[in-house]
$ cat entry-v4.cif   # mmCIF, C-alpha atoms
data_entry
#
loop_
_atom_site.label_atom_id
_atom_site.label_comp_id
_atom_site.auth_asym_id
_atom_site.auth_seq_id
_atom_site.Cartn_x
_atom_site.Cartn_y
_atom_site.Cartn_z
CA MET A 19 88.68 95.73 111.06
CA SER A 20 90.15 97.65 113.99
CA PRO A 21 89.94 101.44 113.99
CA PRO A 22 93.04 103.10 112.62
CA ARG A 23 95.77 103.91 115.05
CA ILE A 24 96.96 107.51 115.23
CA LEU A 25 100.54 108.77 115.41
CA TYR A 26 101.25 112.47 115.77
CA CYS A 27 104.70 113.97 115.19
CA ARG A 28 105.33 117.30 116.89
CA CYS A 29 108.38 118.14 114.73
CA ALA A 30 109.71 119.76 117.87
CA TYR A 31 113.20 120.61 116.64
CA ALA A 32 112.39 122.70 113.61
CA LYS A 33 110.03 125.41 112.48
CA VAL A 34 108.99 123.72 109.28
CA ILE A 35 105.40 122.99 110.30
CA ASP A 36 103.19 125.96 111.02
CA ASP A 37 102.73 126.18 114.80
CA ALA A 38 99.05 127.01 114.33
CA VAL A 39 98.53 123.77 112.39
CA LYS A 40 100.39 121.43 114.67
CA ASP A 41 98.92 123.02 117.81
CA GLU A 42 95.39 122.81 116.47
CA VAL A 43 95.79 119.19 115.42
CA LEU A 44 97.15 118.27 118.84
CA ALA A 45 94.44 120.23 120.65
CA ARG A 46 91.66 118.51 118.77
CA LEU A 47 93.23 115.10 119.19
CA ALA A 48 93.51 115.73 122.92
CA GLU A 49 89.87 116.78 123.17
CA SER A 50 88.57 114.00 120.96
CA GLY A 51 88.77 111.02 123.24
CA ALA A 52 90.58 109.10 120.50
CA ALA A 53 93.61 107.05 121.43
CA PHE A 54 96.90 108.22 119.97
CA ASP A 55 100.64 108.05 120.20
CA ALA A 56 102.57 111.31 120.00
CA VAL A 57 106.29 111.77 119.52
CA ALA A 58 108.44 114.84 119.75
CA ASP A 59 110.22 114.37 116.46
CA LEU A 60 110.34 111.39 114.12
CA CYS A 61 113.61 112.67 112.65
CA GLU A 62 115.27 112.57 116.04
CA LEU A 63 114.04 109.03 116.66
CA ALA A 64 115.26 107.96 113.23
CA ALA A 65 118.67 109.53 113.71
CA ARG A 66 119.25 107.47 116.85
CA ASN A 67 117.64 104.32 115.44
CA ASP A 68 115.28 104.48 118.36
CA ARG A 69 113.39 101.23 118.82
CA ALA A 70 110.31 103.32 119.55
CA LEU A 71 109.96 103.44 115.76
CA ASP A 72 109.52 99.70 115.76
CA ARG A 73 106.51 99.84 118.05
CA LEU A 74 105.14 102.87 116.21
CA ARG A 75 105.10 101.09 112.84
CA LYS A 76 103.24 98.06 114.15
CA GLU A 77 99.50 97.56 114.37
CA THR A 78 98.13 98.81 111.08
CA PRO A 79 96.11 100.55 109.88
CA VAL A 80 97.89 103.64 111.12
CA ARG A 81 97.50 107.30 110.23
CA ILE A 82 100.52 109.47 110.78
CA ALA A 83 100.26 113.24 111.11
CA ALA A 84 103.71 114.52 110.20
CA CYS A 85 105.24 115.96 107.04
CA TYR A 86 105.75 114.71 103.50
CA PRO A 87 104.91 111.01 103.05
CA ARG A 88 108.14 110.41 101.12
CA ALA A 89 110.18 111.82 103.99
CA VAL A 90 108.33 109.83 106.65
CA ARG A 91 108.57 106.58 104.73
CA TRP A 92 112.32 106.84 104.16
CA LEU A 93 112.98 108.08 107.69
CA PHE A 94 111.57 104.83 109.07
CA HIS A 95 113.46 102.88 106.44
CA GLY A 96 116.74 104.62 107.14
CA ALA A 97 116.42 103.83 110.82
CA GLY A 98 116.04 100.14 110.03
CA PHE A 99 112.32 99.96 110.72
CA PRO A 100 110.59 100.21 107.34
CA LEU A 101 106.90 101.00 107.38
CA PRO A 102 104.57 98.29 106.10
CA GLU A 103 103.64 98.62 102.44
CA ASP A 104 99.93 98.66 103.23
CA GLY A 105 97.82 100.24 105.90
CA VAL A 106 99.89 103.38 106.43
CA GLU A 107 98.56 106.82 105.59
CA VAL A 108 100.71 109.89 106.11
CA LEU A 109 98.98 113.24 106.55
CA ASN A 110 101.16 116.18 105.70
CA MET A 111 100.91 119.05 108.18
CA ARG A 112 103.33 121.09 106.05
CA GLU A 113 100.84 121.26 103.21
CA SER A 114 97.41 120.58 104.68
CA GLY A 115 95.40 122.62 107.14
CA ALA A 116 94.43 121.43 110.60
CA ASP A 117 90.79 120.80 109.64
CA GLU A 118 91.76 118.47 106.84
CA VAL A 119 94.33 116.59 108.90
CA VAL A 120 92.09 116.19 111.95
CA ALA A 121 89.11 115.09 109.88
CA ARG A 122 91.14 112.33 108.31
CA LEU A 123 92.90 111.34 111.53
CA LEU A 124 89.67 110.91 113.41
CA ASP A 125 87.64 109.36 110.60
CA GLY A 126 86.67 106.03 112.08
CA ALA A 127 89.39 106.28 114.70
CA ARG A 128 87.08 106.43 117.68
CA PRO A 129 85.46 103.15 118.57
CA GLU A 130 81.66 103.07 118.79
CA GLY A 131 80.43 104.42 122.09
CA SER A 132 83.72 106.00 123.10
CA ALA A 133 83.53 109.35 124.81
CA ALA A 134 85.81 112.31 125.00
CA PRO A 135 87.79 112.61 128.22
CA GLY A 136 85.77 114.46 130.76
CA THR A 137 82.55 112.73 129.78
CA GLY A 138 83.52 109.28 130.98
CA GLY A 139 85.57 107.61 133.70
CA ASP A 140 84.35 106.59 137.08
CA ALA A 141 86.90 108.00 139.46
CA MET B 4 124.53 105.27 111.89
CA THR B 5 123.77 105.16 115.58
CA ALA B 6 124.02 101.64 116.89
CA ALA B 7 120.73 99.85 117.26
CA GLY B 8 120.03 98.99 120.83
CA THR B 9 120.11 102.51 122.16
CA THR B 10 118.68 102.56 125.67
CA PRO B 11 114.96 103.17 125.22
CA ARG B 12 113.51 106.34 126.61
CA VAL B 13 110.52 106.56 128.88
CA ARG B 14 107.11 106.35 127.28
CA VAL B 15 104.60 108.51 129.10
CA VAL B 16 101.08 107.10 129.20
CA LEU B 17 98.40 109.66 129.89
CA PHE B 18 95.69 107.52 131.45
CA GLU B 19 92.18 108.91 131.60
CA GLY B 20 90.20 105.70 131.32
CA ALA B 21 88.04 103.83 133.77
CA GLY B 22 89.19 104.32 137.33
CA SER B 23 90.59 107.76 136.73
CA ALA B 24 89.37 111.32 136.55
CA PRO B 25 90.01 113.23 133.36
CA LEU B 26 92.18 116.28 133.14
CA GLU B 27 90.68 119.58 132.14
CA ASP B 28 91.02 120.18 128.38
CA GLY B 29 93.48 123.03 128.83
CA ALA B 30 95.58 121.16 131.37
CA ARG B 31 95.71 118.09 129.16
CA LEU B 32 96.88 120.07 126.16
CA ASP B 33 99.46 121.99 128.17
CA LEU B 34 100.82 118.74 129.56
CA LEU B 35 101.04 117.16 126.11
CA LYS B 36 102.79 120.19 124.66
CA SER B 37 105.27 120.46 127.51
CA LEU B 38 106.26 116.81 127.18
CA LEU B 39 106.48 116.78 123.40
CA ASP B 40 108.33 120.07 123.15
CA ALA B 41 110.84 118.71 125.65
CA GLY B 42 111.43 115.71 123.38
CA HIS B 43 109.37 112.99 125.04
CA ALA B 44 106.86 110.47 123.70
CA VAL B 45 103.32 110.29 125.00
CA THR B 46 100.57 107.74 124.51
CA ARG B 47 96.95 108.50 125.30
CA PRO B 48 95.06 105.20 125.33
CA ALA B 49 91.30 104.87 125.11
CA GLU B 50 89.01 101.98 125.75
CA GLY B 51 88.48 99.81 122.69
CA ALA B 52 91.13 101.66 120.68
CA VAL B 53 94.59 100.64 119.63
CA VAL B 54 97.86 102.33 120.43
CA ALA B 55 101.41 101.25 119.68
CA PRO B 56 102.18 98.03 121.54
CA ALA B 57 104.24 97.91 124.71
CA ASP B 58 107.94 97.22 124.29
CA ASP B 59 110.95 97.36 126.56
CA ALA B 60 110.69 101.13 127.05
CA PRO B 61 109.98 102.08 130.66
CA HIS B 62 106.39 103.28 131.13
CA LEU B 63 105.41 106.21 133.30
CA VAL B 64 101.63 106.19 133.73
CA VAL B 65 100.26 109.62 134.54
CA GLY B 66 96.71 110.27 135.67
CA ARG B 67 94.29 111.08 138.45
CA PHE B 68 93.64 107.62 139.79
CA ALA B 69 90.87 106.30 141.99
CA PRO B 70 92.26 104.12 144.81
CA ASP B 71 91.31 100.78 143.25
CA ALA B 72 92.72 101.73 139.83
CA ARG B 73 95.85 102.99 141.45
CA ALA B 74 96.29 99.72 143.34
CA ARG B 75 95.69 97.73 140.18
CA LEU B 76 98.21 99.69 138.13
CA ALA B 77 100.75 99.80 140.94
CA ALA B 78 100.73 96.00 141.04
CA ALA B 79 102.26 95.87 137.57
CA ASP B 80 106.04 95.52 137.91
CA ASP B 81 106.92 97.38 134.76
CA LEU B 82 104.84 100.51 135.33
CA GLU B 83 105.76 103.59 137.27
CA LEU B 84 102.79 105.67 138.42
CA LEU B 85 102.47 109.38 138.87
CA ASP B 86 99.20 110.47 140.42
CA LEU B 87 98.54 114.07 139.51
CA ASP B 88 96.32 114.51 142.55
CA ASP B 89 99.22 113.59 144.83
CA ALA B 90 101.98 115.34 142.93
CA ALA B 91 102.15 119.03 142.29
CA GLY B 92 99.81 118.67 139.32
CA PRO B 93 100.92 118.45 135.69
CA ALA B 94 104.02 120.51 136.44
CA ALA B 95 105.44 117.50 138.23
CA VAL B 96 105.34 115.30 135.15
CA LEU B 97 108.26 116.69 133.16
CA PRO B 98 110.78 116.41 136.02
CA ALA B 99 109.48 112.89 136.73
CA VAL B 100 110.02 111.84 133.11
CA GLU B 101 113.50 113.30 133.06
CA ALA B 102 114.36 111.54 136.30
CA ALA B 103 113.01 108.25 134.95
CA ASN B 104 115.08 108.63 131.77
CA ALA B 105 118.16 109.32 133.85
CA ARG B 106 117.53 106.20 135.97
CA ALA B 107 117.12 104.14 132.80
CA GLY B 108 120.38 105.51 131.41
CA ALA B 109 118.67 106.91 128.31
CA THR B 110 120.08 109.90 126.51
CA SER B 111 118.29 113.17 126.98
CA PRO B 112 116.36 114.35 123.95
CA GLY B 113 117.17 117.64 122.31
CA GLU B 114 120.95 117.40 122.62
CA TRP B 115 121.32 117.58 118.86
CA LYS B 116 119.14 119.10 116.15
CA PRO B 117 118.20 116.13 114.00
CA TRP B 118 119.58 117.32 110.68
CA PHE B 119 120.82 114.57 108.42
CA PRO B 120 120.21 113.15 104.95
CA VAL B 121 117.59 110.50 104.27
CA ILE B 122 117.94 108.40 101.14
CA ASP B 123 114.95 107.70 98.92
CA TYR B 124 115.95 104.26 97.64
CA ASP B 125 113.18 104.34 95.05
CA ARG B 126 115.21 107.03 93.31
CA CYS B 127 118.79 106.31 94.35
CA THR B 128 120.94 104.73 91.63
CA ASN B 129 123.87 104.03 93.96
CA CYS B 130 126.09 106.36 91.94
CA MET B 131 128.11 107.26 95.07
CA GLN B 132 128.27 110.97 94.22
CA CYS B 133 127.09 111.79 97.73
CA LEU B 134 129.75 109.54 99.27
CA THR B 135 132.42 111.18 97.22
CA PHE B 136 131.11 114.69 97.71
CA CYS B 137 130.44 114.80 101.45
CA LEU B 138 133.49 116.09 103.27
CA PHE B 139 132.29 114.98 106.68
CA ASP B 140 131.97 111.21 106.23
CA VAL B 141 128.24 111.09 106.73
CA TYR B 142 127.85 108.38 104.10
CA GLY B 143 129.12 104.83 103.98
CA VAL B 144 128.47 101.63 102.09
CA ASP B 145 126.82 98.56 103.53
CA GLY B 146 127.81 94.93 103.02
CA ASP B 147 125.93 94.85 99.72
CA GLN B 148 127.90 97.85 98.44
CA LYS B 149 124.81 99.98 98.77
CA ILE B 150 125.08 103.60 99.82
CA GLU B 151 123.79 104.34 103.30
CA VAL B 152 123.71 107.18 105.78
CA ARG B 153 126.17 105.97 108.36
CA THR B 154 127.06 108.84 110.69
CA GLU B 155 124.10 111.17 110.95
CA SER B 156 125.66 113.22 113.70
CA ASN B 157 128.56 114.23 111.41
CA CYS B 158 126.15 116.12 109.18
CA LYS B 159 126.40 119.89 109.33
CA THR B 160 123.18 121.50 110.48
CA ASP B 161 121.24 123.24 107.71
CA CYS B 162 123.67 122.11 105.01
CA PRO B 163 121.81 120.35 102.15
CA ALA B 164 124.75 120.40 99.73
CA CYS B 165 124.86 116.64 99.06
CA SER B 166 121.20 116.65 98.06
CA ARG B 167 121.96 119.40 95.57
CA VAL B 168 124.57 117.33 93.79
CA CYS B 169 122.42 114.19 93.74
CA PRO B 170 121.42 113.76 90.08
CA GLU B 171 118.25 111.87 91.01
CA ALA B 172 116.94 114.11 93.80
CA ALA B 173 117.15 111.02 95.98
CA ILE B 174 118.52 112.72 99.09
CA LEU B 175 116.06 114.31 101.47
CA PHE B 176 116.45 116.59 104.41
CA PRO B 177 112.98 116.46 105.98
CA LYS B 178 113.55 119.72 107.83
CA TYR B 179 114.69 121.64 104.75
CA LYS B 180 112.55 124.57 103.68
CA LYS B 181 111.93 123.68 100.05
CA GLY B 182 110.98 120.74 97.90
CA PRO B 183 111.92 118.28 96.68
CA ILE B 184 114.74 118.19 99.23
CA ASN B 185 112.18 118.31 102.06
CA GLY B 186 110.43 115.20 100.74
CA ALA B 187 107.89 116.87 98.46
CA PRO B 188 107.17 114.84 95.33
CA VAL B 189 109.87 115.15 92.66
CA THR B 190 108.75 116.76 89.43
CA GLU B 191 110.35 116.73 85.99
CA GLU B 192 111.16 120.37 86.54
CA ASP B 193 112.97 119.51 89.75
CA LEU B 194 115.08 116.94 87.95
CA LYS B 195 116.07 119.43 85.33
CA SER B 196 116.85 121.92 88.05
CA GLU B 197 118.89 119.38 90.02
CA ALA B 198 120.79 118.44 86.90
CA MET B 199 121.50 122.06 86.26
CA LYS B 200 122.88 122.44 89.75
CA ALA B 201 125.14 119.45 89.21
CA ASP B 202 126.30 121.01 85.99
CA ILE B 203 127.02 124.24 87.76
CA SER B 204 129.11 122.27 90.23
CA ALA B 205 131.00 120.75 87.31
CA LEU B 206 131.45 124.13 85.71
CA LEU B 207 133.06 125.34 88.86
CA GLY B 208 135.98 123.14 88.01
CA GLY B 209 134.98 119.53 87.46
CA ASP B 210 134.26 118.95 91.08
CA LEU B 211 134.50 120.62 94.42
CA TYR B 212 137.92 119.24 95.18
CA ARG B 213 139.40 120.39 91.92
CA THR B 214 137.84 123.79 92.32
CA LEU B 215 139.32 124.30 95.73
CA ARG B 216 142.67 122.91 94.65
CA ASP B 217 142.88 125.11 91.56
CA ARG B 218 141.81 128.20 93.40
CA SER B 219 144.21 127.42 96.18
CA ALA B 220 147.06 126.87 93.73
CA ALA B 221 146.28 130.17 92.06
CA ALA B 222 146.20 131.86 95.42
CA ARG B 223 149.51 130.26 96.40
CA GLN B 224 151.04 131.47 93.16
CA ARG B 225 149.95 135.00 93.85
CA PHE B 226 151.14 134.68 97.42
CA SER B 227 154.60 133.63 96.28
CA THR B 228 154.83 136.41 93.76
CA GLU B 229 153.05 139.17 95.60
CA ARG B 230 153.86 138.05 99.16
CA ASP B 231 150.39 139.01 100.16
CA GLU B 232 148.82 136.42 102.42
CA SER B 233 145.58 138.31 102.71
CA LYS B 234 144.98 137.95 98.97
CA ALA B 235 145.31 134.18 99.22
CA LEU B 236 142.83 134.10 102.03
CA LEU B 237 140.47 136.37 100.17
CA GLU B 238 140.64 134.08 97.15
CA ARG B 239 139.76 131.05 99.26
CA LYS B 240 136.91 132.98 100.87
CA ARG B 241 135.63 134.04 97.45
CA CYS B 242 135.73 130.49 96.20
CA LEU B 243 133.93 129.18 99.26
CA LYS B 244 131.31 131.89 99.05
CA GLU B 245 130.63 130.95 95.46
CA LEU B 246 130.23 127.31 96.39
CA GLY B 247 128.09 128.18 99.37
CA LYS B 248 125.73 130.23 97.26
CA THR B 249 125.48 127.60 94.56
CA LEU B 250 124.84 124.69 96.88
CA ASP B 251 123.10 126.54 99.73
CA ILE B 252 125.86 125.69 102.20
CA PRO B 253 125.59 127.75 105.40
CA ASP B 254 128.52 130.02 106.22
CA GLU B 255 129.14 128.12 109.48
CA VAL B 256 129.69 124.95 107.49
CA LEU B 257 132.02 126.65 105.05
CA MET B 258 134.04 127.83 108.01
CA THR B 259 134.48 124.25 109.19
CA LEU B 260 135.55 122.76 105.87
CA PRO B 261 138.71 120.72 106.11
CA SER B 262 141.90 122.15 104.71
CA VAL B 263 142.54 121.98 100.98
CA GLU B 264 145.18 119.32 101.64
CA ASP B 265 142.71 117.18 103.58
CA ILE B 266 140.11 117.60 100.86
CA GLU B 267 142.63 116.58 98.21
CA ALA B 268 143.62 113.53 100.23
CA LYS B 269 139.99 112.54 100.60
CA ALA B 270 139.40 113.01 96.89
CA ALA B 271 142.38 110.79 96.13
CA ARG B 272 141.12 108.10 98.47
CA ALA B 273 137.64 108.33 96.98
CA LYS B 274 139.08 107.95 93.50
CA GLU B 275 141.12 104.92 94.53
CA LYS B 276 138.07 103.30 96.11
CA LEU B 277 136.01 103.96 93.02
CA GLU B 278 138.66 102.40 90.80
CA GLU B 279 138.91 99.45 93.14
CA ARG B 280 135.16 99.03 93.04
CA ARG B 281 135.19 99.09 89.22
CA ARG B 282 138.06 96.57 89.11
CA ARG B 283 136.21 94.25 91.45
CA SER B 284 133.06 94.63 89.44
CA ARG B 285 134.93 93.71 86.24
CA THR B 286 136.61 90.79 87.99
CA LEU B 287 133.31 89.50 89.29
CA ASN B 288 131.85 89.66 85.81
CA ASP B 289 134.86 88.08 84.08
CA GLY B 290 136.07 85.41 86.43
CA PRO B 291 135.07 83.13 89.26
CA PRO B 292 133.17 84.73 92.15
CA LYS B 293 135.24 86.79 94.56
CA PRO B 294 134.16 88.06 97.96
CA PRO B 295 132.60 91.51 97.79
CA PRO B 296 134.41 94.37 99.45
CA SER B 297 133.64 94.84 103.10
CA PRO B 298 132.13 98.07 104.41
CA ASP B 299 135.59 98.94 105.73
CA ASP B 300 136.87 99.00 102.18
CA TRP B 301 134.65 102.02 101.72
CA GLY B 302 135.71 103.78 104.88
CA ILE B 303 136.78 106.87 103.03
#
$ encode --input "entry-v4.cif" --output "structure tokens"
Amino acid sequence: MSPPRILYCRCAYAKVIDDAVKDEVLARLAESGAAFDAVADLCELAARNDRALDRLRKETPVRIAACYPRAVRWLFHGAGFPLPEDGVEVLNMRESGADEVVARLLDGARPEGSAAPGTGGDA
Amino acid sequence: MTAAGTTPRVRVVLFEGAGSAPLEDGARLDLLKSLLDAGHAVTRPAEGAVVAPADDAPHLVVGRFAPDARARLAAADDLELLDLDDAAGPAAVLPAVEAANARAGATSPGEWKPWFPVIDYDRCTNCMQCLTFCLFDVYGVDGDQKIEVRTESNCKTDCPACSRVCPEAAILFPKYKKGPINGAPVTEEDLKSEAMKADISALLGGDLYRTLRDRSAAARQRFSTERDESKALLERKRCLKELGKTLDIPDEVLMTLPSVEDIEAKAARAKEKLEERRRRSRTLNDGPPKPPPSPDDWGI
């Protein structure tokens, strides 16, 4: 089974997620060496039926750091790109702390032997 | 609803894999924040890990590339490269993304605060209260006569009024401050509370339209007898304030409400459509199959 894919939503157009939480989650993702996709705002993508949502829902399992699971699920649906029934886990940065979200995001997300940026690369 | 097929925006790929030098932790985070806060999407791939697959979005690959890696990536037709060692560092990325979006003909992000209703179809009973209630034509009906959010951009920022009249708490505004409207799980208490709010709306005069009409008629009566225009306006303001408080409608939205006459006309059209829908439903049940109404039939 492939490691879970990670999607991070910045919720850039509203102050509903604590800045400290979303900044900390992003910082630790960035340092981790794990692969991830990050978007400015899932709501904005959904409102414009952005086809980016189509690519972002593919390749499960996927863990999504955003807001309430019910909101995320129906946002994708409303945009015409429903999330798969299985293999999607939404982590709620409105309710959970950064430690909890990051721990779950990164659990098994880094392939064996991968290194954080700055410890690998041959340039 | 915005037409599918919107020109895709640039996807920034922050490449720090083999053949590149990594960014400093602080620089990497600052770059990510600046791009995301400006409305852009970023992918950071890693060897052996999965990211969202490539699609027809233009790709701008950003990194500090060794010559051979740069040559390899540059050979790909569909990738645009930005070498941070050549450019003015991470500060050059945001203008490059914006320029690439402009070349692609994509809309700029951040032109509109994404405030609009999202329907939880696990809860929605297709009662059409939201369609009837919304004065700004945000809702429509699809070919299967199912309620849908059709014109998100018509929605009035920070106004959650339609979700407050939904008897099933099926309308979400993900950026709203409180649950269950923000998507938090719906509790029995919430349902009772939502029902109470709907009842309050009814108590105000059966429905919003009737309330405004009755208040307006009363105000007109006073105006004709007292010849005091300011009293009529005050009455309308008082009525709107009451509604705003009950349904959490921002003052700015109340100020943009259509005229009473327009609201009455919309209510009449909504009523006609509802009757038509009921007639068709009866006809379908009683007689031979008839074609369902088209979405245009619902274009209230």
$ interface_residues --input "entry-v4.cif" --of "chain A" --to "chain B" --cutoff "7 Å" --atoms "all atoms listed in the file" --output "ChimeraX atom specification"
/A:21,23,28,30-32,34,45,48-49,51-58,61-62,65-69,73-74,76-77,86,88-89,92-93,96,128-129,135-136,139-141
$ axis_aligned_box --input "entry-v4.cif" --around "range 98-113 of chain A" --padding-each-side "8 Å" --output "JSON"
{"center_x": 106.9, "center_y": 109.8, "center_z": 106.6, "size_x": 34.2, "size_y": 39.0, "size_z": 24.3}
$ closest_atom_pairs --input "entry-v4.cif" --of "range 46-101 of chain A" --to "range 120-124 of chain A" --cutoff "8 Å" --atoms "only C-alpha atoms" --output "Markdown table"
| residue | atom | partner | partner_atom | distance |
| --- | --- | --- | --- | --- |
| A:Arg46 | CA | A:Val120 | CA | 7.2 |
| A:Leu47 | CA | A:Val120 | CA | 7.4 |
| A:Ala52 | CA | A:Leu124 | CA | 7.4 |
| A:Arg81 | CA | A:Leu123 | CA | 6.3 |
| A:Ile82 | CA | A:Leu123 | CA | 7.9 |
| A:Ala83 | CA | A:Leu123 | CA | 7.6 |
$ resolve_selection --input "entry-v4.cif" --expression "the PyMOL selection byres ((chain A and resi 106-116) around 6)" --output "list in words"
Ile35, Val39, Val43, Pro79, Val80, Arg81, Ile82, Ala83, Ala84, Cys85, Tyr86, Pro87, Asp104, Gly105, Asp117, Glu118, Val119 and Val120 of chain A
$ resolve_selection --input "entry-v4.cif" --expression "the PyMOL selection byres ((chain B and resi 127) around 10)" --output "VMD selection string"
chain B and resid 122 to 126 128 to 131 149 to 150 169 to 174
$ atom_distance --input "entry-v4.cif" --atom1 "CA of Glu255 in chain B" --atom2 "CA of Thr160 in chain B"
9.0 Å
$ atom_distance --input "entry-v4.cif" --atom1 "CA of Leu44 in chain A" --atom2 "CA of Val64 in chain B"
19.7 Å
$ atom_distance --input "entry-v4.cif" --atom1 "CA of Arg91 in chain A" --atom2 "CA of Asp145 in chain B"
20.0 Å
$ closest_residue --input "entry-v4.cif" --among "A:Ala38, A:Leu63, A:Leu71, A:Leu25" --to "Pro100 in chain A" --atoms "all atoms listed in the file"
A:Leu71
$ closest_residue --input "entry-v4.cif" --among "B:Val141, B:Pro163, B:Gly66, B:Glu191" --to "Ala90 in chain B" --atoms "only C-alpha atoms"
B:Gly66
